[in-house]
Amino acid sequence: LVDDEGVPTTDPTGYPKTGALMPMAGHKGYGLAFLVEVLSAVMTGAGMTWEVKSWIADVPDPTNEGHAFIAIDIGSIMPLRQFQERMDRLVREIREAPKAKGVNRIYLPGEMEWERQDLALREGIVLPGDVVERLAGMADDLAMDARRLFKD
């Protein structure tokens with residue numbers, strides 16, 4: 001984080017009203033953040049930087065966020081088998097890297113989320129009481145039997 005004067009800080013108390021979240025990895029993180037802003041804001045016509053109302057708070061108006069999706073034909077760049085072999089090597093190198101004390105596994109991006117999804121599909125999701133109450137109210141509004149939706 002940086003504070004309201006742009007000075008690095010570890011004090012999060014003013015964020016997000018003052019200060020800013022800095023991209024990770026120094027200049028490389030800044031370059032990636034800039035590229036994401038170009039793809040998801042400039043090219044889509046969505047809000048750029050401060051024009052996005054909030055991605056944290058629940059606001060009543062549209063947030064003016066943009067999204068971009070890209071498809072890459074790997075085969076037009078290199079043989080698919082070579083790509084798969086190189087990806088397998090990269091994954092192995094990351095997973096076999098030295099781990100911090102007390103850490104048993106290094107996750108690749110998205111792996112934790114996939115595992116949580118699998119667990120949720122098997123065991124369900126525990127929802128806070130107020131969320132259950134709101135969903136039950138919506139079910140009533142739609143003449144649905146809310147008991148079908150929830151397990152005790």
# chains A, B, ... in the order shown; residues from 1 in each chain; ligands from 1

call {"tool": "residues_around", "arguments": {"residues": "A:Arg105", "least_positions_apart": "5", "cutoff": "12 Å", "atoms": "only C-alpha atoms", "output": "list in words"}}
result
Arg92, Ile94, Arg95, Glu96, Ala97, Pro98, Lys99, Ala100, Glu111 and Met112 of chain A

call {"tool": "write_last_selection", "arguments": {"atoms": "N, CA, C and O atoms", "output": "mmCIF file, in the first residue's frame"}}
result
data_model
loop_
_atom_site.group_PDB
_atom_site.id
_atom_site.type_symbol
_atom_site.label_atom_id
_atom_site.label_comp_id
_atom_site.auth_asym_id
_atom_site.auth_seq_id
_atom_site.Cartn_x
_atom_site.Cartn_y
_atom_site.Cartn_z
ATOM 1 N N ARG A 92 5.869 -28.524 -12.807
ATOM 2 C CA ARG A 92 6.727 -29.344 -11.937
ATOM 3 C C ARG A 92 7.729 -28.467 -11.189
ATOM 4 O O ARG A 92 7.939 -28.634 -9.981
ATOM 5 N N ILE A 94 7.542 -25.322 -10.373
ATOM 6 C CA ILE A 94 6.878 -24.513 -9.351
ATOM 7 C C ILE A 94 6.503 -25.382 -8.161
ATOM 8 O O ILE A 94 6.756 -25.031 -7.016
ATOM 9 N N ARG A 95 5.917 -26.540 -8.416
ATOM 10 C CA ARG A 95 5.480 -27.414 -7.320
ATOM 11 C C ARG A 95 6.654 -27.978 -6.520
ATOM 12 O O ARG A 95 6.516 -28.263 -5.332
ATOM 13 N N GLU A 96 7.808 -28.151 -7.172
ATOM 14 C CA GLU A 96 8.969 -28.724 -6.492
ATOM 15 C C GLU A 96 9.882 -27.658 -5.890
ATOM 16 O O GLU A 96 10.899 -27.989 -5.293
ATOM 17 N N ALA A 97 9.505 -26.405 -5.996
ATOM 18 C CA ALA A 97 10.320 -25.327 -5.438
ATOM 19 C C ALA A 97 10.355 -25.443 -3.914
ATOM 20 O O ALA A 97 9.438 -26.006 -3.301
ATOM 21 N N PRO A 98 11.425 -24.931 -3.285
ATOM 22 C CA PRO A 98 11.466 -24.957 -1.816
ATOM 23 C C PRO A 98 10.258 -24.232 -1.226
ATOM 24 O O PRO A 98 9.836 -23.199 -1.745
ATOM 25 N N LYS A 99 9.718 -24.805 -0.167
ATOM 26 C CA LYS A 99 8.518 -24.254 0.454
ATOM 27 C C LYS A 99 8.879 -23.575 1.772
ATOM 28 O O LYS A 99 9.821 -23.967 2.442
ATOM 29 N N ALA A 100 8.091 -22.591 2.132
ATOM 30 C CA ALA A 100 8.280 -21.919 3.413
ATOM 31 C C ALA A 100 7.993 -22.901 4.537
ATOM 32 O O ALA A 100 7.259 -23.880 4.365
ATOM 33 N N GLU A 111 -6.083 -23.201 -8.503
ATOM 34 C CA GLU A 111 -6.212 -24.533 -7.904
ATOM 35 C C GLU A 111 -7.021 -24.527 -6.608
ATOM 36 O O GLU A 111 -7.867 -25.398 -6.392
ATOM 37 N N MET A 112 -6.767 -23.552 -5.740
ATOM 38 C CA MET A 112 -7.521 -23.498 -4.487
ATOM 39 C C MET A 112 -9.004 -23.309 -4.765
ATOM 40 O O MET A 112 -9.853 -23.933 -4.116
#

call {"tool": "residues_around", "arguments": {"residues": "stretch 50-56 of chain A", "least_positions_apart": "6", "cutoff": "9 Å", "atoms": "only C-alpha atoms", "output": "list in words"}}
result
Pro16, Pro62, Thr63, Asn64, Glu65 and Gly66 of chain A

call {"tool": "residues_around", "arguments": {"residues": "A:Thr18", "least_positions_apart": "3", "cutoff": "6 Å", "atoms": "only C-alpha atoms", "output": "list in words"}}
result
Asp4, Gly14 and Tyr15 of chain A

call {"tool": "write_last_selection", "arguments": {"atoms": "C-alpha atoms", "output": "short mmCIF file (atom, residue, chain, number, x, y, z; two decimals), in the first residue's frame"}}
result
data_model
loop_
_atom_site.label_atom_id
_atom_site.label_comp_id
_atom_site.auth_asym_id
_atom_site.auth_seq_id
_atom_site.Cartn_x
_atom_site.Cartn_y
_atom_site.Cartn_z
CA ASP A 4 -2.38 9.46 0.73
CA GLY A 14 -6.93 4.54 5.45
CA TYR A 15 -7.43 2.19 2.50
#

call {"tool": "residues_around", "arguments": {"residues": "stretch 119-132 of chain A", "least_positions_apart": "2", "cutoff": "12 Å", "atoms": "only C-alpha atoms", "output": "count of residues only"}}
result
18

call {"tool": "closest_residue", "arguments": {"among": "A:Leu39, A:Val7, A:Ala33, A:Leu1", "to": "A:Ala20", "atoms": "only C-alpha atoms"}}
result
A:Leu1

call {"tool": "residues_around", "arguments": {"residues": "stretch 69-81 of chain A", "least_positions_apart": "5", "cutoff": "12 Å", "atoms": "only C-alpha atoms", "output": "MDAnalysis selection string"}}
result
chainID A and resid 36 39:40 43:44 86:88

call {"tool": "write_last_selection", "arguments": {"atoms": "N, CA and C atoms", "output": "mmCIF file, in the first residue's frame"}}
result
data_model
loop_
_atom_site.group_PDB
_atom_site.id
_atom_site.type_symbol
_atom_site.label_atom_id
_atom_site.label_comp_id
_atom_site.auth_asym_id
_atom_site.auth_seq_id
_atom_site.Cartn_x
_atom_site.Cartn_y
_atom_site.Cartn_z
ATOM 1 N N VAL A 36 -3.676 -5.030 -18.081
ATOM 2 C CA VAL A 36 -5.035 -5.409 -17.701
ATOM 3 C C VAL A 36 -5.968 -4.208 -17.825
ATOM 4 N N LEU A 39 -6.774 -3.694 -21.524
ATOM 5 C CA LEU A 39 -7.680 -4.714 -22.044
ATOM 6 C C LEU A 39 -9.086 -4.608 -21.470
ATOM 7 N N SER A 40 -9.198 -4.342 -20.171
ATOM 8 C CA SER A 40 -10.511 -4.393 -19.532
ATOM 9 C C SER A 40 -11.202 -3.043 -19.412
ATOM 10 N N MET A 43 -10.103 -0.714 -23.921
ATOM 11 C CA MET A 43 -10.665 -1.382 -25.106
ATOM 12 C C MET A 43 -12.153 -1.671 -24.985
ATOM 13 N N THR A 44 -12.692 -1.754 -23.765
ATOM 14 C CA THR A 44 -14.109 -2.087 -23.601
ATOM 15 C C THR A 44 -14.991 -0.862 -23.447
ATOM 16 N N ARG A 86 6.364 -28.120 -22.195
ATOM 17 C CA ARG A 86 6.936 -26.961 -21.496
ATOM 18 C C ARG A 86 6.051 -26.547 -20.317
ATOM 19 N N MET A 87 4.729 -26.604 -20.482
ATOM 20 C CA MET A 87 3.827 -26.285 -19.375
ATOM 21 C C MET A 87 3.994 -27.298 -18.237
ATOM 22 N N ASP A 88 4.078 -28.586 -18.590
ATOM 23 C CA ASP A 88 4.277 -29.617 -17.571
ATOM 24 C C ASP A 88 5.577 -29.357 -16.800
#

call {"tool": "atom_distance", "arguments": {"atom1": "atom CA of A:Ala25", "atom2": "atom CA of A:Pro109"}}
result
15.9 Å

call {"tool": "decode", "arguments": {"residues": "stretch 45-77 of chain A", "atoms": "N, CA, C and O atoms", "output": "tab-separated table (two decimals), in the first residue's frame"}}
result
chain	number	residue	atom	x	y	z
A	45	GLY	N	-14.38	0.30	-23.25
A	45	GLY	CA	-15.16	1.52	-23.03
A	45	GLY	C	-15.63	1.66	-21.59
A	45	GLY	O	-16.41	2.57	-21.26
A	46	ALA	N	-15.18	0.80	-20.70
A	46	ALA	CA	-15.56	0.87	-19.29
A	46	ALA	C	-14.76	1.96	-18.58
A	46	ALA	O	-13.88	2.58	-19.16
A	47	GLY	N	-15.07	2.15	-17.30
A	47	GLY	CA	-14.35	3.14	-16.51
A	47	GLY	C	-12.88	2.78	-16.39
A	47	GLY	O	-12.52	1.61	-16.28
A	48	MET	N	-12.04	3.80	-16.40
A	48	MET	CA	-10.61	3.61	-16.22
A	48	MET	C	-10.21	4.15	-14.85
A	48	MET	O	-10.75	5.16	-14.39
A	49	THR	N	-9.30	3.50	-14.21
A	49	THR	CA	-8.76	3.85	-12.89
A	49	THR	C	-9.88	4.30	-11.95
A	49	THR	O	-10.71	3.50	-11.57
A	50	TRP	N	-9.93	5.57	-11.59
A	50	TRP	CA	-10.88	6.07	-10.58
A	50	TRP	C	-12.31	6.17	-11.11
A	50	TRP	O	-13.22	6.46	-10.33
A	51	GLU	N	-12.54	5.94	-12.40
A	51	GLU	CA	-13.91	5.98	-12.93
A	51	GLU	C	-14.73	4.75	-12.52
A	51	GLU	O	-15.94	4.75	-12.60
A	52	VAL	N	-14.04	3.68	-12.09
A	52	VAL	CA	-14.74	2.50	-11.56
A	52	VAL	C	-15.17	2.86	-10.15
A	52	VAL	O	-14.34	3.20	-9.31
A	53	LYS	N	-16.48	2.81	-9.90
A	53	LYS	CA	-17.01	3.31	-8.62
A	53	LYS	C	-16.48	2.54	-7.42
A	53	LYS	O	-16.04	3.13	-6.46
A	54	SER	N	-16.58	1.23	-7.43
A	54	SER	CA	-16.04	0.44	-6.34
A	54	SER	C	-16.06	-1.03	-6.73
A	54	SER	O	-17.04	-1.51	-7.27
A	55	TRP	N	-14.99	-1.72	-6.41
A	55	TRP	CA	-14.97	-3.16	-6.58
A	55	TRP	C	-14.93	-3.83	-5.21
A	55	TRP	O	-14.85	-5.03	-5.10
A	56	ILE	N	-15.01	-3.01	-4.16
A	56	ILE	CA	-14.99	-3.52	-2.80
A	56	ILE	C	-16.36	-3.35	-2.14
A	56	ILE	O	-16.94	-4.30	-1.64
A	57	ALA	N	-16.87	-2.11	-2.15
A	57	ALA	CA	-18.11	-1.80	-1.45
A	57	ALA	C	-19.33	-2.16	-2.29
A	57	ALA	O	-19.27	-2.18	-3.52
A	58	ASP	N	-20.43	-2.41	-1.61
A	58	ASP	CA	-21.71	-2.67	-2.27
A	58	ASP	C	-22.35	-1.32	-2.57
A	58	ASP	O	-22.81	-0.64	-1.66
A	59	VAL	N	-22.32	-0.91	-3.83
A	59	VAL	CA	-22.87	0.38	-4.22
A	59	VAL	C	-24.15	0.18	-5.04
A	59	VAL	O	-24.27	-0.80	-5.76
A	60	PRO	N	-25.10	1.10	-4.94
A	60	PRO	CA	-26.38	0.91	-5.63
A	60	PRO	C	-26.31	1.11	-7.15
A	60	PRO	O	-27.10	0.54	-7.88
A	61	ASP	N	-25.37	1.90	-7.63
A	61	ASP	CA	-25.26	2.20	-9.06
A	61	ASP	C	-24.32	1.21	-9.74
A	61	ASP	O	-23.47	0.60	-9.10
A	62	PRO	N	-24.43	1.07	-11.07
A	62	PRO	CA	-23.46	0.23	-11.80
A	62	PRO	C	-22.03	0.72	-11.53
A	62	PRO	O	-21.79	1.92	-11.42
A	63	THR	N	-21.12	-0.21	-11.41
A	63	THR	CA	-19.75	0.15	-11.03
A	63	THR	C	-18.88	0.60	-12.19
A	63	THR	O	-17.80	1.12	-11.99
A	64	ASN	N	-19.34	0.39	-13.41
A	64	ASN	CA	-18.59	0.81	-14.61
A	64	ASN	C	-17.32	-0.02	-14.80
A	64	ASN	O	-16.32	0.47	-15.29
A	65	GLU	N	-17.38	-1.29	-14.40
A	65	GLU	CA	-16.25	-2.20	-14.59
A	65	GLU	C	-16.27	-2.76	-16.01
A	65	GLU	O	-17.33	-2.91	-16.59
A	66	GLY	N	-15.13	-3.12	-16.51
A	66	GLY	CA	-15.04	-3.76	-17.81
A	66	GLY	C	-14.32	-5.10	-17.70
A	66	GLY	O	-13.60	-5.35	-16.73
A	67	HIS	N	-14.52	-5.95	-18.68
A	67	HIS	CA	-13.89	-7.28	-18.69
A	67	HIS	C	-13.41	-7.56	-20.11
A	67	HIS	O	-14.02	-7.12	-21.07
A	68	ALA	N	-12.35	-8.32	-20.21
A	68	ALA	CA	-11.84	-8.72	-21.52
A	68	ALA	C	-11.50	-10.21	-21.49
A	68	ALA	O	-11.04	-10.72	-20.47
A	69	PHE	N	-11.79	-10.88	-22.56
A	69	PHE	CA	-11.49	-12.30	-22.69
A	69	PHE	C	-10.70	-12.48	-23.98
A	69	PHE	O	-11.05	-11.91	-25.01
A	70	ILE	N	-9.66	-13.28	-23.90
A	70	ILE	CA	-8.77	-13.47	-25.05
A	70	ILE	C	-8.60	-14.96	-25.32
A	70	ILE	O	-8.42	-15.74	-24.39
A	71	ALA	N	-8.67	-15.33	-26.58
A	71	ALA	CA	-8.41	-16.71	-26.99
A	71	ALA	C	-7.13	-16.72	-27.81
A	71	ALA	O	-6.96	-15.89	-28.71
A	72	ILE	N	-6.23	-17.61	-27.48
A	72	ILE	CA	-4.95	-17.71	-28.19
A	72	ILE	C	-4.86	-19.09	-28.82
A	72	ILE	O	-5.03	-20.10	-28.15
A	73	ASP	N	-4.57	-19.12	-30.10
A	73	ASP	CA	-4.37	-20.38	-30.82
A	73	ASP	C	-2.90	-20.77	-30.66
A	73	ASP	O	-2.04	-20.32	-31.40
A	74	ILE	N	-2.63	-21.58	-29.64
A	74	ILE	CA	-1.25	-21.98	-29.33
A	74	ILE	C	-0.59	-22.62	-30.54
A	74	ILE	O	0.57	-22.38	-30.84
A	75	GLY	N	-1.36	-23.45	-31.27
A	75	GLY	CA	-0.81	-24.16	-32.41
A	75	GLY	C	-0.28	-23.24	-33.50
A	75	GLY	O	0.54	-23.65	-34.32
A	76	SER	N	-0.73	-22.00	-33.54
A	76	SER	CA	-0.20	-21.06	-34.54
A	76	SER	C	1.13	-20.46	-34.10
A	76	SER	O	1.81	-19.82	-34.89
A	77	ILE	N	1.50	-20.69	-32.83
A	77	ILE	CA	2.74	-20.15	-32.30
A	77	ILE	C	3.81	-21.22	-32.19
A	77	ILE	O	4.98	-21.00	-32.51
